[in-house]
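**Student:** Right, I'll just put the structure down here and ask away after.
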Amino acid sequence: MNGAEAVLRTLAGSGVSLCLANPGTSEMHMVAALDEVPGVRPVLCLFEGVATGAADGYGRMAGRPAAVLLHLGPGLANGLANLHNAHRARTPLLAIVGDHATYHKRFDAPLESDIEALAGTVSGWVRRSTLGADAAADAAEAVAAALAPPGQVATVILPSNVSWSPGAEPAAAVPLRPPSPVPGEVIAEVAAALRGGGPGVILLGGAGLRRPALEAASRVAQATGARLLAETFPARHERGAGIPHVERLAYLAEMAAAQLDGARHLILAGARDPVSFFAYPGKLSSLTPDGCQVHSLAGPGDDIAGALAALADLAAPGASPAPRQPERAGLPDGDLTGQGAAAVIGALLPEHAIVCDEANTSGLALPAATAGAPPHDWLTLTGGAIGQGLPLAAGAALACPERPVLALEADGSAMYTISALWTHAREQLDITTVIFSNRSYAILNMELDRTGAPAAGQSARSLLDLSRPGLSFTALAEGMGVPASRAETAPEFAAQLARALAEPGPHLIEAVIPPFS
Ligand SMILES: Cc1ncc(C[n+]2csc(CCOP(=O)(O)OP(=O)(O)O)c2C)c(N)n1
Ligand SMILES: [Mg+2]
């Protein structure tokens, strides 16, 4: 058995069953080994940023890593922005980067590059395999590293001669480390602060936004009067009817400051202390209110749900969680706007949907419009690197083929990784993509004013305008095998969304709306 097959058999034995790939010559033995190891499903992506974003979506929903197979430094670099988002999401993800044969590197062939430097910016763990006989053990350790709580990007660099060396054997799966328990003193200290110390806010993040943690946090809120907030860009937020509702901390610093205003105690449960997304002249970077004491109940790698349950038992022994009541908006009429589209989505969102939200400014009304819809998962742009939504949806659908996936996608962001639609079609993934076609980098028009940049003229505005020429997303989708339609009124959008959700397989709806509507 060669190194590549031993690596692949090791991955299959360690619970890795998906390989998202955009391979090259140095990965050919890994590609060939996929025929020998039927337990690992190969999925082709036409751009590395699609493969890495899909691996992120898969890891968030499956709770175990997909492998993503990349071609040397340039292939890794093409995938880096969505690896950054995965890194910020703390997604378990295994990047396998093929490299030149060990003896070939000193010849400085054209694709020679500093893979370690690129990998280091997004990976919590990096290893270069140097011997065919060790590659399988490296792979087993990489899977365990990817799954080290709460999850991270682990990168294995695999030289081609390590892959093709004979005499390798699969390695056994490496035992996993559970999340760290939170000491009783920490829980007692937080309980005391919440009981007697003035208004409290519990800021939830990571696994703190999954149902068991939300129910425990809700009990604490009921008993102590503490307010619950979610981090601004959660990796995976379970919400909807029957689940305690938690509003997200706003993106705009002044709105976030208003949400946190008056808090004397800020309890962090899987979230970091809040900071402004960007700096603005004359504005503060930290959003923690003056005089507010910050308590770290549970870090991302801790047993967040366990800590919240222990806190609830101590501070809220008799309290029950407050589930969100079911509520559906009626279907709106008239020309389509962002608000109207949100109302339609709230009215039609299917039970157990997975929503991949990169709607940006067109999605401002979505959280309120969907809060009382049947239970669903909401996945967001964790690292602010746009071009994530369509790949993320592919990965979520590959992880959960029985669940409907809704990709809510702004037009500018969609174009970065539009070729994800081809993977949606090829794998016949049950994804409904809504493109919010506002023909603009709308948020940057707002930021141009907010940053205090000098009054913008034609040149500046032209860099934020997508109307010349207008993009036809129906043509783009159909060109890649995804059936598509275009909606300009709310009833058209409702009819098209209902049909797309009812039919299996991928669909795309181009929702034409004015910016900030
Ligand atoms: C990788 C990356 N490149 C550039 C940016 C800067 N950026 C932030 S928002 C944005 C435009 C967003 O436009 P669109 O997706 O159409 O959303 P809209 O603002 O219109 O709602 C850009 C270019 C970014 N965040 N990430
Ligand atoms: Mg736009």
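Ordering of the structure tokens sets the chain letters (A, B, ...), residue numbers begin anew at 1 in every chain, and ligands are numbered from 1 in the order given.
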Counting only C-alpha atoms and all ligand atoms, give me one row per residue of chain A with an atom at most 8 Å from an atom of ligand 1, showing the shortest contact pair and its distance in Å to one decimal, sorted by chain then residue number, as a tab-separated table.
**Tutor:**
residue	atom	partner	partner_atom_place_in_ligand_line	distance
A:Ala81	CA	ligand 1	1 (C)	6.0
A:Glu358	CA	ligand 1	15 (O)	7.4
A:Ala359	CA	ligand 1	21 (O)	6.1
A:Asn360	CA	ligand 1	21 (O)	4.2
A:Thr361	CA	ligand 1	21 (O)	3.6
A:Ser362	CA	ligand 1	21 (O)	5.1
A:Gly363	CA	ligand 1	21 (O)	7.6
A:Gly384	CA	ligand 1	25 (N)	5.1
A:Ala385	CA	ligand 1	26 (N)	3.6
A:Ile386	CA	ligand 1	26 (N)	4.2
A:Gly387	CA	ligand 1	1 (C)	6.6
A:Glu409	CA	ligand 1	15 (O)	7.3
A:Ala410	CA	ligand 1	15 (O)	4.2
A:Asp411	CA	ligand 1	16 (O)	4.3
A:Gly412	CA	ligand 1	16 (O)	3.3
A:Ser413	CA	ligand 1	15 (O)	3.6
A:Ala414	CA	ligand 1	15 (O)	6.6
A:Phe436	CA	ligand 1	16 (O)	7.7
A:Ser437	CA	ligand 1	16 (O)	7.4
A:Asn438	CA	ligand 1	20 (O)	6.0
A:Arg439	CA	ligand 1	16 (O)	6.9
A:Ser440	CA	ligand 1	20 (O)	4.8
A:Tyr441	CA	ligand 1	13 (O)	3.5
A:Ala442	CA	ligand 1	19 (O)	3.7
A:Ile443	CA	ligand 1	19 (O)	3.7
A:Leu444	CA	ligand 1	9 (S)	6.0
A:Asn445	CA	ligand 1	19 (O)	7.9
A:Leu464	CA	ligand 1	11 (C)	7.6
A:Pro515	CA	ligand 1	20 (O)	6.7
A:Phe516	CA	ligand 1	21 (O)	7.6
**Student:** Just want the 6 Å neighbourhood of Leu336 in chain A, counted on only C-alpha atoms, with same-chain residues fewer than 2 positions away dropped. Output as a short mmCIF file (atom, residue, chain, number, x, y, z; two decimals) with N, CA and C atoms, in the first residue's frame.
**Tutor:**
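The result, stored in part.cif:
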data_model
loop_
_atom_site.label_atom_id
_atom_site.label_comp_id
_atom_site.auth_asym_id
_atom_site.auth_seq_id
_atom_site.Cartn_x
_atom_site.Cartn_y
_atom_site.Cartn_z
N GLY A 340 -39.78 42.72 2.46
CA GLY A 340 -40.80 41.82 1.92
C GLY A 340 -40.23 40.42 1.73
N GLU A 488 -39.53 39.97 -9.18
CA GLU A 488 -39.50 41.43 -8.98
C GLU A 488 -40.62 41.90 -8.06
N THR A 489 -41.58 41.01 -7.78
CA THR A 489 -42.65 41.37 -6.84
C THR A 489 -42.67 40.34 -5.72
N ALA A 490 -43.28 40.74 -4.61
CA ALA A 490 -43.34 39.84 -3.46
C ALA A 490 -44.12 38.56 -3.79
N ILE A 513 -34.10 43.64 -5.78
CA ILE A 513 -34.56 44.57 -4.73
C ILE A 513 -33.69 45.83 -4.73
#
**Student:** Quick one: distance from CA of Ser180 in chain A to CA of Asp303 in chain A in Å, one decimal?
**Tutor:**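 These atoms are spaced 5.6 Å apart.
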**Student:** If we count only C-alpha atoms, what is near range 152-169 of chain A at a cut-off of 6 Å, once residues fewer than 2 positions away on the same chain are taken out, given as an mmCIF file with N, CA, C and O atoms, in the first residue's frame?
**Tutor:**
data_model
loop_
_atom_site.group_PDB
_atom_site.id
_atom_site.type_symbol
_atom_site.label_atom_id
_atom_site.label_comp_id
_atom_site.auth_asym_id
_atom_site.auth_seq_id
_atom_site.Cartn_x
_atom_site.Cartn_y
_atom_site.Cartn_z
ATOM 1 N N MET A 1 0.846 -1.202 0.000
ATOM 2 C CA MET A 1 0.000 0.000 0.000
ATOM 3 C C MET A 1 0.885 1.257 0.000
ATOM 4 O O MET A 1 1.861 1.316 0.751
ATOM 5 N N ASN A 2 0.520 2.237 -0.837
ATOM 6 C CA ASN A 2 1.326 3.465 -0.822
ATOM 7 C C ASN A 2 0.824 4.434 0.261
ATOM 8 O O ASN A 2 -0.221 4.212 0.898
ATOM 9 N N GLY A 3 1.599 5.486 0.462
ATOM 10 C CA GLY A 3 1.280 6.449 1.517
ATOM 11 C C GLY A 3 -0.095 7.060 1.336
ATOM 12 O O GLY A 3 -0.842 7.236 2.312
ATOM 13 N N ALA A 4 -0.454 7.370 0.096
ATOM 14 C CA ALA A 4 -1.745 8.019 -0.159
ATOM 15 C C ALA A 4 -2.906 7.123 0.273
ATOM 16 O O ALA A 4 -3.836 7.573 0.947
ATOM 17 N N ALA A 6 -2.807 4.660 2.405
ATOM 18 C CA ALA A 6 -2.785 4.513 3.870
ATOM 19 C C ALA A 6 -3.398 5.744 4.538
ATOM 20 O O ALA A 6 -4.148 5.623 5.528
ATOM 21 N N SER A 26 0.600 16.982 -8.067
ATOM 22 C CA SER A 26 1.207 16.471 -6.833
ATOM 23 C C SER A 26 0.209 15.689 -5.977
ATOM 24 O O SER A 26 0.604 15.024 -5.016
ATOM 25 N N ARG A 90 -14.287 28.177 14.289
ATOM 26 C CA ARG A 90 -13.747 27.045 15.046
ATOM 27 C C ARG A 90 -14.342 25.729 14.523
ATOM 28 O O ARG A 90 -14.775 24.854 15.271
ATOM 29 N N THR A 91 -14.332 25.636 13.212
ATOM 30 C CA THR A 91 -14.862 24.444 12.550
ATOM 31 C C THR A 91 -13.796 23.353 12.518
ATOM 32 O O THR A 91 -12.652 23.636 12.164
ATOM 33 N N PRO A 92 -14.154 22.110 12.837
ATOM 34 C CA PRO A 92 -13.204 21.023 12.599
ATOM 35 C C PRO A 92 -13.030 20.825 11.094
ATOM 36 O O PRO A 92 -14.021 20.636 10.385
ATOM 37 N N LEU A 93 -11.812 20.914 10.620
ATOM 38 C CA LEU A 93 -11.570 20.874 9.166
ATOM 39 C C LEU A 93 -10.158 20.353 8.927
ATOM 40 O O LEU A 93 -9.224 20.756 9.613
ATOM 41 N N LEU A 94 -10.024 19.457 7.977
ATOM 42 C CA LEU A 94 -8.716 18.874 7.670
ATOM 43 C C LEU A 94 -8.288 19.305 6.274
ATOM 44 O O LEU A 94 -8.895 18.890 5.279
ATOM 45 N N ALA A 95 -7.259 20.149 6.203
ATOM 46 C CA ALA A 95 -6.715 20.547 4.902
ATOM 47 C C ALA A 95 -5.530 19.638 4.581
ATOM 48 O O ALA A 95 -4.625 19.479 5.403
ATOM 49 N N ILE A 96 -5.572 19.042 3.399
ATOM 50 C CA ILE A 96 -4.437 18.242 2.929
ATOM 51 C C ILE A 96 -3.858 18.972 1.722
ATOM 52 O O ILE A 96 -4.546 19.138 0.709
ATOM 53 N N VAL A 97 -2.637 19.443 1.876
ATOM 54 C CA VAL A 97 -2.019 20.237 0.815
ATOM 55 C C VAL A 97 -0.908 19.406 0.197
ATOM 56 O O VAL A 97 0.088 19.077 0.856
ATOM 57 N N GLY A 98 -1.093 19.042 -1.057
ATOM 58 C CA GLY A 98 -0.043 18.309 -1.756
ATOM 59 C C GLY A 98 1.160 19.215 -1.998
ATOM 60 O O GLY A 98 1.011 20.431 -2.152
ATOM 61 N N ASP A 99 2.324 18.622 -2.002
ATOM 62 C CA ASP A 99 3.541 19.410 -2.265
ATOM 63 C C ASP A 99 4.421 18.623 -3.224
ATOM 64 O O ASP A 99 4.198 17.425 -3.479
ATOM 65 N N HIS A 100 5.459 19.297 -3.738
ATOM 66 C CA HIS A 100 6.458 18.617 -4.554
ATOM 67 C C HIS A 100 7.100 17.485 -3.757
ATOM 68 O O HIS A 100 7.139 17.521 -2.513
ATOM 69 N N ALA A 101 7.658 16.513 -4.477
ATOM 70 C CA ALA A 101 8.456 15.458 -3.835
ATOM 71 C C ALA A 101 9.594 16.100 -3.031
ATOM 72 O O ALA A 101 10.109 17.164 -3.398
ATOM 73 N N SER A 123 -4.491 27.889 10.460
ATOM 74 C CA SER A 123 -4.526 26.550 11.053
ATOM 75 C C SER A 123 -4.113 26.593 12.522
ATOM 76 O O SER A 123 -3.201 27.329 12.887
ATOM 77 N N GLY A 124 -4.767 25.783 13.324
ATOM 78 C CA GLY A 124 -4.342 25.618 14.715
ATOM 79 C C GLY A 124 -3.275 24.549 14.833
ATOM 80 O O GLY A 124 -2.645 24.399 15.897
ATOM 81 N N TRP A 125 -3.065 23.801 13.777
ATOM 82 C CA TRP A 125 -2.160 22.640 13.803
ATOM 83 C C TRP A 125 -1.670 22.423 12.380
ATOM 84 O O TRP A 125 -2.474 22.370 11.448
ATOM 85 N N VAL A 126 -0.358 22.325 12.203
ATOM 86 C CA VAL A 126 0.226 22.105 10.869
ATOM 87 C C VAL A 126 1.313 21.041 10.990
ATOM 88 O O VAL A 126 2.144 21.092 11.902
ATOM 89 N N ARG A 127 1.302 20.083 10.090
ATOM 90 C CA ARG A 127 2.409 19.116 10.055
ATOM 91 C C ARG A 127 2.763 18.779 8.603
ATOM 92 O O ARG A 127 1.883 18.611 7.769
ATOM 93 N N ARG A 128 4.073 18.657 8.356
ATOM 94 C CA ARG A 128 4.550 18.193 7.051
ATOM 95 C C ARG A 128 4.913 16.718 7.189
ATOM 96 O O ARG A 128 5.766 16.364 8.023
ATOM 97 N N SER A 129 4.295 15.855 6.416
ATOM 98 C CA SER A 129 4.671 14.440 6.404
ATOM 99 C C SER A 129 5.967 14.309 5.612
ATOM 100 O O SER A 129 6.111 14.913 4.552
ATOM 101 N N LEU A 131 7.771 10.989 5.549
ATOM 102 C CA LEU A 131 8.027 9.590 5.187
ATOM 103 C C LEU A 131 6.705 8.896 4.887
ATOM 104 O O LEU A 131 5.720 9.096 5.623
ATOM 105 N N GLY A 132 6.698 8.062 3.844
ATOM 106 C CA GLY A 132 5.493 7.305 3.524
ATOM 107 C C GLY A 132 5.005 6.500 4.710
ATOM 108 O O GLY A 132 3.795 6.404 4.971
ATOM 109 N N ALA A 133 5.961 5.946 5.466
ATOM 110 C CA ALA A 133 5.588 5.080 6.591
ATOM 111 C C ALA A 133 4.915 5.860 7.717
ATOM 112 O O ALA A 133 4.189 5.282 8.531
ATOM 113 N N ALA A 142 -3.870 14.425 12.719
ATOM 114 C CA ALA A 142 -4.494 15.638 12.162
ATOM 115 C C ALA A 142 -5.999 15.631 12.411
ATOM 116 O O ALA A 142 -6.583 16.672 12.744
ATOM 117 N N ALA A 146 -7.980 18.411 14.468
ATOM 118 C CA ALA A 146 -9.120 19.166 13.929
ATOM 119 C C ALA A 146 -10.294 19.131 14.904
ATOM 120 O O ALA A 146 -11.057 20.094 15.015
#
**Student:** Counting only C-alpha atoms, what is within 9 Å of Gln259 in chain A, bar same-chain residues fewer than 6 positions away, as a list in words?
**Tutor:**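 Returned residues: Leu229, Leu249 and Ala250 of chain A.
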**Student:** Got a sec to tell me which of range 138-314 of chain A DSSP assigns to alpha helix (DSSP H), as a PyMOL selection string?
**Tutor:** chain A and resi 138-146+160-164+184-196+211-224+253-260+304-314
**Student:** At most 7 Å is the cut-off: for each residue in range 139-242 of chain A with any atom that close to an atom of range 41-65 of chain A, write down the nearest atom pair and the distance in Å rounded to one decimal, counting only C-alpha atoms, chain first then increasing number, as JSON lines.
**Tutor:**
{"residue": "A:Ala146", "atom": "CA", "partner": "A:Pro65", "partner_atom": "CA", "distance": 6.8}
{"residue": "A:Leu147", "atom": "CA", "partner": "A:Arg64", "partner_atom": "CA", "distance": 6.8}
{"residue": "A:Ala235", "atom": "CA", "partner": "A:Arg60", "partner_atom": "CA", "distance": 6.8}
{"residue": "A:Arg236", "atom": "CA", "partner": "A:Arg60", "partner_atom": "CA", "distance": 6.7}
**Student:** Please, could you write that set of residues out with N, CA, C and O atoms as a tab-separated table (two decimals), in the first residue's frame?
**Tutor:**
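Below is the file again05.tsv, written as the result:
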chain	number	residue	atom	x	y	z
A	146	ALA	N	-7.98	18.41	14.47
A	146	ALA	CA	-9.12	19.17	13.93
A	146	ALA	C	-10.29	19.13	14.90
A	146	ALA	O	-11.06	20.09	15.02
A	147	LEU	N	-10.42	18.02	15.62
A	147	LEU	CA	-11.56	17.84	16.54
A	147	LEU	C	-11.23	18.27	17.97
A	147	LEU	O	-12.10	18.15	18.85
A	235	ALA	N	-21.30	30.66	14.28
A	235	ALA	CA	-21.05	29.57	13.33
A	235	ALA	C	-22.33	28.77	13.10
A	235	ALA	O	-22.63	28.37	11.97
A	236	ARG	N	-23.06	28.54	14.18
A	236	ARG	CA	-24.29	27.73	14.07
A	236	ARG	C	-25.19	28.07	15.24
A	236	ARG	O	-24.86	27.79	16.39
**Student:** From the list A:Ala307, A:Leu268, A:Leu214, A:Ala140, which residue is nearest Ile202 in chain A when using only C-alpha atoms?
**Tutor:**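 Smallest distance to Ile202 in chain A is found for A:Leu268.
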